[in-house]
file target.cif (mmCIF, C-alpha atoms; chains and numbers go by the auth columns)
data_run
#
loop_
_atom_site.group_PDB
_atom_site.id
_atom_site.type_symbol
_atom_site.label_atom_id
_atom_site.label_comp_id
_atom_site.label_asym_id
_atom_site.label_seq_id
_atom_site.Cartn_x
_atom_site.Cartn_y
_atom_site.Cartn_z
_atom_site.B_iso_or_equiv
_atom_site.auth_seq_id
_atom_site.auth_asym_id
ATOM 1 C CA MET A 1 21.534 103.332 -21.616 0.00 1 W
ATOM 2 C CA SER A 2 20.017 104.810 -18.487 0.00 2 W
ATOM 3 C CA ALA A 3 17.297 102.933 -16.653 0.00 3 W
ATOM 4 C CA ALA A 4 14.835 105.712 -17.459 0.00 4 W
ATOM 5 C CA LEU A 5 15.333 105.168 -21.205 0.00 5 W
ATOM 6 C CA MET A 6 15.268 101.372 -21.162 0.00 6 W
ATOM 7 C CA PRO A 7 12.318 99.685 -22.795 0.00 7 W
ATOM 8 C CA VAL A 8 10.223 97.545 -20.493 0.00 8 W
ATOM 9 C CA ILE A 9 8.636 94.331 -21.619 0.00 9 W
ATOM 10 C CA THR A 10 6.568 91.745 -19.790 0.00 10 W
ATOM 11 C CA GLN A 11 6.186 88.027 -20.358 0.00 11 W
ATOM 12 C CA ALA A 12 2.657 88.630 -21.677 0.00 12 W
ATOM 13 C CA GLN A 13 3.968 91.176 -24.190 0.00 13 W
ATOM 14 C CA VAL A 14 6.655 88.757 -25.368 0.00 14 W
ATOM 15 C CA LEU A 15 4.028 86.055 -25.839 0.00 15 W
ATOM 16 C CA GLU A 16 1.920 88.494 -27.839 0.00 16 W
ATOM 17 C CA LEU A 17 4.915 89.312 -30.040 0.00 17 W
ATOM 18 C CA LEU A 18 5.643 85.620 -30.558 0.00 18 W
ATOM 19 C CA ASP A 19 2.094 85.128 -31.767 0.00 19 W
ATOM 20 C CA SER A 20 3.093 87.127 -34.858 0.00 20 W
ATOM 21 C CA VAL A 21 5.877 84.683 -35.778 0.00 21 W
ATOM 22 C CA VAL A 22 4.589 82.171 -38.311 0.00 22 W
ATOM 23 C CA ASP A 23 5.822 78.666 -38.891 0.00 23 W
ATOM 24 C CA PRO A 24 7.880 78.776 -42.116 0.00 24 W
ATOM 25 C CA GLU A 25 6.541 75.404 -43.252 0.00 25 W
ATOM 26 C CA ILE A 26 2.887 76.063 -42.366 0.00 26 W
ATOM 27 C CA PRO A 27 2.472 79.862 -42.536 0.00 27 W
ATOM 28 C CA THR A 28 -1.198 79.674 -41.566 0.00 28 W
ATOM 29 C CA LEU A 29 0.017 78.880 -38.027 0.00 29 W
ATOM 30 C CA SER A 30 1.920 81.011 -35.571 0.00 30 W
ATOM 31 C CA ILE A 31 4.597 79.291 -33.541 0.00 31 W
ATOM 32 C CA SER A 32 2.328 79.933 -30.558 0.00 32 W
ATOM 33 C CA ASP A 33 -0.544 78.041 -32.173 0.00 33 W
ATOM 34 C CA LEU A 34 1.833 75.270 -33.185 0.00 34 W
ATOM 35 C CA GLY A 35 2.678 74.836 -29.519 0.00 35 W
ATOM 36 C CA ILE A 36 6.442 74.992 -29.789 0.00 36 W
ATOM 37 C CA ILE A 37 6.872 77.801 -27.243 0.00 37 W
ATOM 38 C CA ARG A 38 7.543 76.107 -23.935 0.00 38 W
ATOM 39 C CA ASP A 39 8.577 79.024 -21.732 0.00 39 W
ATOM 40 C CA VAL A 40 9.331 82.744 -21.726 0.00 40 W
ATOM 41 C CA ASP A 41 11.419 84.399 -19.031 0.00 41 W
ATOM 42 C CA VAL A 42 12.072 88.119 -18.840 0.00 42 W
ATOM 43 C CA HIS A 43 15.024 89.157 -16.678 0.00 43 W
ATOM 44 C CA CYS A 44 15.396 92.864 -15.925 0.00 44 W
ATOM 45 C CA THR A 45 18.355 94.567 -14.305 0.00 45 W
ATOM 46 C CA ASN A 46 19.190 98.237 -13.996 0.00 46 W
ATOM 47 C CA GLN A 47 21.180 98.094 -17.215 0.00 47 W
ATOM 48 C CA ASP A 48 19.639 95.375 -19.336 0.00 48 W
ATOM 49 C CA ILE A 49 16.618 93.333 -20.226 0.00 49 W
ATOM 50 C CA HIS A 50 17.269 89.726 -21.176 0.00 50 W
ATOM 51 C CA VAL A 51 14.521 87.598 -22.705 0.00 51 W
ATOM 52 C CA VAL A 52 14.950 83.814 -22.646 0.00 52 W
ATOM 53 C CA ILE A 53 12.588 81.844 -24.863 0.00 53 W
ATOM 54 C CA THR A 54 12.450 78.065 -24.711 0.00 54 W
ATOM 55 C CA ILE A 55 11.085 76.250 -27.745 0.00 55 W
ATOM 56 C CA THR A 56 10.553 72.616 -28.628 0.00 56 W
ATOM 57 C CA PRO A 57 10.963 72.017 -32.355 0.00 57 W
ATOM 58 C CA THR A 58 8.366 69.751 -33.933 0.00 58 W
ATOM 59 C CA TYR A 59 11.144 67.198 -34.401 0.00 59 W
ATOM 60 C CA PRO A 60 14.889 67.125 -33.653 0.00 60 W
ATOM 61 C CA GLY A 61 16.873 68.522 -36.559 0.00 61 W
ATOM 62 C CA CYS A 62 13.886 70.391 -38.004 0.00 62 W
ATOM 63 C CA PRO A 63 15.352 72.633 -40.738 0.00 63 W
ATOM 64 C CA ALA A 64 12.838 75.390 -39.957 0.00 64 W
ATOM 65 C CA THR A 65 14.239 75.837 -36.440 0.00 65 W
ATOM 66 C CA SER A 66 16.960 78.271 -37.528 0.00 66 W
ATOM 67 C CA VAL A 67 14.415 80.367 -39.445 0.00 67 W
ATOM 68 C CA ILE A 68 12.068 80.378 -36.447 0.00 68 W
ATOM 69 C CA GLU A 69 14.905 81.439 -34.139 0.00 69 W
ATOM 70 C CA ALA A 70 15.874 84.290 -36.490 0.00 70 W
ATOM 71 C CA ASP A 71 12.238 85.416 -36.718 0.00 71 W
ATOM 72 C CA ILE A 72 11.940 85.338 -32.916 0.00 72 W
ATOM 73 C CA ARG A 73 15.062 87.490 -32.547 0.00 73 W
ATOM 74 C CA ASP A 74 13.743 89.876 -35.185 0.00 74 W
ATOM 75 C CA VAL A 75 10.310 90.399 -33.614 0.00 75 W
ATOM 76 C CA ILE A 76 11.739 90.809 -30.098 0.00 76 W
ATOM 77 C CA GLY A 77 14.438 93.139 -31.450 0.00 77 W
ATOM 78 C CA ARG A 78 11.824 95.345 -33.114 0.00 78 W
ATOM 79 C CA ALA A 79 10.340 95.778 -29.635 0.00 79 W
ATOM 80 C CA GLY A 80 13.668 97.267 -28.546 0.00 80 W
ATOM 81 C CA ILE A 81 15.075 94.209 -26.784 0.00 81 W
ATOM 82 C CA ARG A 82 18.468 93.156 -28.114 0.00 82 W
ATOM 83 C CA ASN A 83 19.455 90.571 -25.495 0.00 83 W
ATOM 84 C CA VAL A 84 17.520 87.443 -26.507 0.00 84 W
ATOM 85 C CA SER A 85 18.447 83.831 -25.821 0.00 85 W
ATOM 86 C CA ILE A 86 16.640 80.907 -27.384 0.00 86 W
ATOM 87 C CA LYS A 87 16.886 77.479 -25.812 0.00 87 W
ATOM 88 C CA ASN A 88 15.890 74.313 -27.605 0.00 88 W
ATOM 89 C CA GLN A 89 14.247 71.782 -25.314 0.00 89 W
ATOM 90 C CA LEU A 90 13.835 68.368 -26.920 0.00 90 W
ATOM 91 C CA GLN A 91 12.292 66.591 -23.940 0.00 91 W
ATOM 92 C CA PRO A 92 9.457 66.100 -23.682 0.00 92 W
ATOM 93 C CA ALA A 93 9.206 65.734 -27.433 0.00 93 W
ATOM 94 C CA TRP A 94 6.738 67.976 -29.263 0.00 94 W
ATOM 95 C CA THR A 95 3.342 66.437 -29.915 0.00 95 W
ATOM 96 C CA THR A 96 0.346 67.524 -31.956 0.00 96 W
ATOM 97 C CA ASP A 97 -1.508 67.683 -28.639 0.00 97 W
ATOM 98 C CA TRP A 98 0.281 71.012 -28.107 0.00 98 W
ATOM 99 C CA ILE A 99 -1.418 72.674 -31.096 0.00 99 W
ATOM 100 C CA THR A 100 -3.921 75.208 -29.776 0.00 100 W
ATOM 101 C CA ASP A 101 -7.621 75.132 -30.631 0.00 101 W
ATOM 102 C CA ARG A 102 -7.116 78.238 -32.749 0.00 102 W
ATOM 103 C CA GLY A 103 -4.261 76.468 -34.526 0.00 103 W
ATOM 104 C CA ARG A 104 -6.423 73.421 -35.213 0.00 104 W
ATOM 105 C CA GLN A 105 -9.095 75.684 -36.658 0.00 105 W
ATOM 106 C CA ARG A 106 -6.578 77.426 -38.898 0.00 106 W
ATOM 107 C CA LEU A 107 -5.311 74.056 -40.124 0.00 107 W
ATOM 108 C CA LEU A 108 -8.849 72.984 -40.952 0.00 108 W
ATOM 109 C CA GLU A 109 -9.476 76.238 -42.813 0.00 109 W
ATOM 110 C CA ALA A 110 -6.274 75.638 -44.801 0.00 110 W
ATOM 111 C CA GLY A 111 -7.383 72.123 -45.668 0.00 111 W
ATOM 112 C CA ILE A 112 -4.691 70.476 -43.563 0.00 112 W
#
call {"tool": "encode", "arguments": {"input": "target.cif", "output": "structure tokens"}}
result
Amino acid sequence: MSAALMPVITQAQVLELLDSVVDPEIPTLSISDLGIIRDVDVHCTNQDIHVVITITPTYPGCPATSVIEADIRDVIGRAGIRNVSIKNQLQPAWTTDWITDRGRQRLLEAGI
């Protein structure tokens, strides 16, 4: 693919896309609101765009992690980016302190 035809994506756009990915166990929350997104890096070269997303699952071995990773790949892929890496970072461990204010509000509205 020529550089002129390559899609361009910024870190802010990736974060916006990730906000549409819901937690499979608590679908009233996005993974952004849940606070599991730790970092997003966008690497651009003349021939490729590579997005690296670091997440911290809510607990090690969380069965929803594979679903979340597939949903992340899907939403980024629909934006035209095929080269996506997802890193799992277990330290520091996820904490409910990482839930956003919007996420806390959505949990309250859902009765959780």
call {"tool": "closest_residue", "arguments": {"input": "target.cif", "among": "W:Glu16, W:Asp74, W:Asp23, W:Asp48", "to": "Gly35 of chain W", "atoms": "all atoms listed in the file"}}
result
W:Asp23
call {"tool": "residues_near_point", "arguments": {"input": "target.cif", "point": "(18.3, 64.1, -32.4)", "cutoff": "12 Å", "atoms": "only C-alpha atoms", "output": "PyMOL selection string"}}
result
chain W and resi 57-62+88-91+93
call {"tool": "atom_distance", "arguments": {"input": "target.cif", "atom1": "atom CA of His50 of chain W", "atom2": "atom CA of Pro92 of chain W"}}
result
25.0 Å
call {"tool": "residues_near_point", "arguments": {"input": "target.cif", "point": "(10.9, 93.7, -26.4)", "cutoff": "9 Å", "atoms": "only C-alpha atoms", "output": "VMD selection string"}}
result
chain W and resid 7 to 10 13 to 14 17 49 51 75 to 82
call {"tool": "axis_aligned_box", "arguments": {"input": "target.cif", "around": "segment 34-48 of chain W", "padding_each_side": "3 Å", "output": "AutoDock Vina command-line options"}}
result
--center_x 11.5 --center_y 86.5 --center_z -23.6 --size_x 25.3 --size_y 29.4 --size_z 25.2
call {"tool": "residues_around", "arguments": {"input": "target.cif", "residues": "Ala64 of chain W", "least_positions_apart": "4", "cutoff": "8 Å", "atoms": "all atoms listed in the file", "output": "count of residues only"}}
result
4
call {"tool": "atom_distance", "arguments": {"input": "target.cif", "atom1": "atom CA of Lys87 of chain W", "atom2": "atom CA of Val42 of chain W"}}
result
13.6 Å
call {"tool": "closest_residue", "arguments": {"input": "target.cif", "among": "W:Thr65, W:Ile112, W:Asp71, W:Leu18", "to": "Ser30 of chain W", "atoms": "only C-alpha atoms"}}
result
W:Leu18
call {"tool": "closest_residue", "arguments": {"input": "target.cif", "among": "W:Asn83, W:Ser66, W:Thr45, W:Thr54", "to": "Ser32 of chain W", "atoms": "only C-alpha atoms"}}
result
W:Thr54
call {"tool": "atom_distance", "arguments": {"input": "target.cif", "atom1": "atom CA of Val84 of chain W", "atom2": "atom CA of Cys44 of chain W"}}
result
12.1 Å
call {"tool": "closest_residue", "arguments": {"input": "target.cif", "among": "W:Ala12, W:Val40, W:Ile31, W:Val67", "to": "Trp98 of chain W", "atoms": "all atoms listed in the file"}}
result
W:Ile31
call {"tool": "closest_residue", "arguments": {"input": "target.cif", "among": "W:Thr95, W:Thr56, W:Thr100, W:Asn46", "to": "Asp19 of chain W", "atoms": "all atoms listed in the file"}}
result
W:Thr100
call {"tool": "closest_residue", "arguments": {"input": "target.cif", "among": "W:Val22, W:Leu34, W:Ile72, W:Ile53", "to": "Trp94 of chain W", "atoms": "all atoms listed in the file"}}
result
W:Leu34
call {"tool": "build_atoms", "arguments": {"input": "target.cif", "residues": "segment 74-87 of chain W", "atoms": "N, CA and C atoms", "output": "tab-separated table (two decimals), in the coordinates of the input"}}
result
chain	number	residue	atom	x	y	z
W	74	ASP	N	14.17	88.69	-34.45
W	74	ASP	CA	13.74	89.88	-35.18
W	74	ASP	C	12.55	90.56	-34.52
W	75	VAL	N	11.51	89.79	-34.18
W	75	VAL	CA	10.31	90.40	-33.61
W	75	VAL	C	10.58	90.97	-32.22
W	76	ILE	N	11.40	90.29	-31.43
W	76	ILE	CA	11.74	90.81	-30.10
W	76	ILE	C	12.64	92.04	-30.25
W	77	GLY	N	13.55	92.00	-31.20
W	77	GLY	CA	14.44	93.14	-31.45
W	77	GLY	C	13.68	94.38	-31.88
W	78	ARG	N	12.63	94.19	-32.70
W	78	ARG	CA	11.82	95.34	-33.11
W	78	ARG	C	11.10	95.98	-31.94
W	79	ALA	N	10.95	95.23	-30.85
W	79	ALA	CA	10.34	95.78	-29.64
W	79	ALA	C	11.38	96.49	-28.77
W	80	GLY	N	12.63	96.55	-29.27
W	80	GLY	CA	13.67	97.27	-28.55
W	80	GLY	C	14.52	96.42	-27.63
W	81	ILE	N	14.32	95.12	-27.65
W	81	ILE	CA	15.08	94.21	-26.78
W	81	ILE	C	16.12	93.51	-27.64
W	82	ARG	N	17.37	93.73	-27.32
W	82	ARG	CA	18.47	93.16	-28.11
W	82	ARG	C	19.06	91.89	-27.49
W	83	ASN	N	18.86	91.70	-26.20
W	83	ASN	CA	19.45	90.57	-25.50
W	83	ASN	C	18.43	89.44	-25.41
W	84	VAL	N	18.48	88.54	-26.41
W	84	VAL	CA	17.52	87.44	-26.51
W	84	VAL	C	18.28	86.13	-26.59
W	85	SER	N	17.90	85.18	-25.75
W	85	SER	CA	18.45	83.83	-25.82
W	85	SER	C	17.32	82.88	-26.17
W	86	ILE	N	17.63	81.92	-27.02
W	86	ILE	CA	16.64	80.91	-27.38
W	86	ILE	C	17.22	79.55	-27.03
W	87	LYS	N	16.47	78.82	-26.22
W	87	LYS	CA	16.89	77.48	-25.81
W	87	LYS	C	16.01	76.46	-26.54
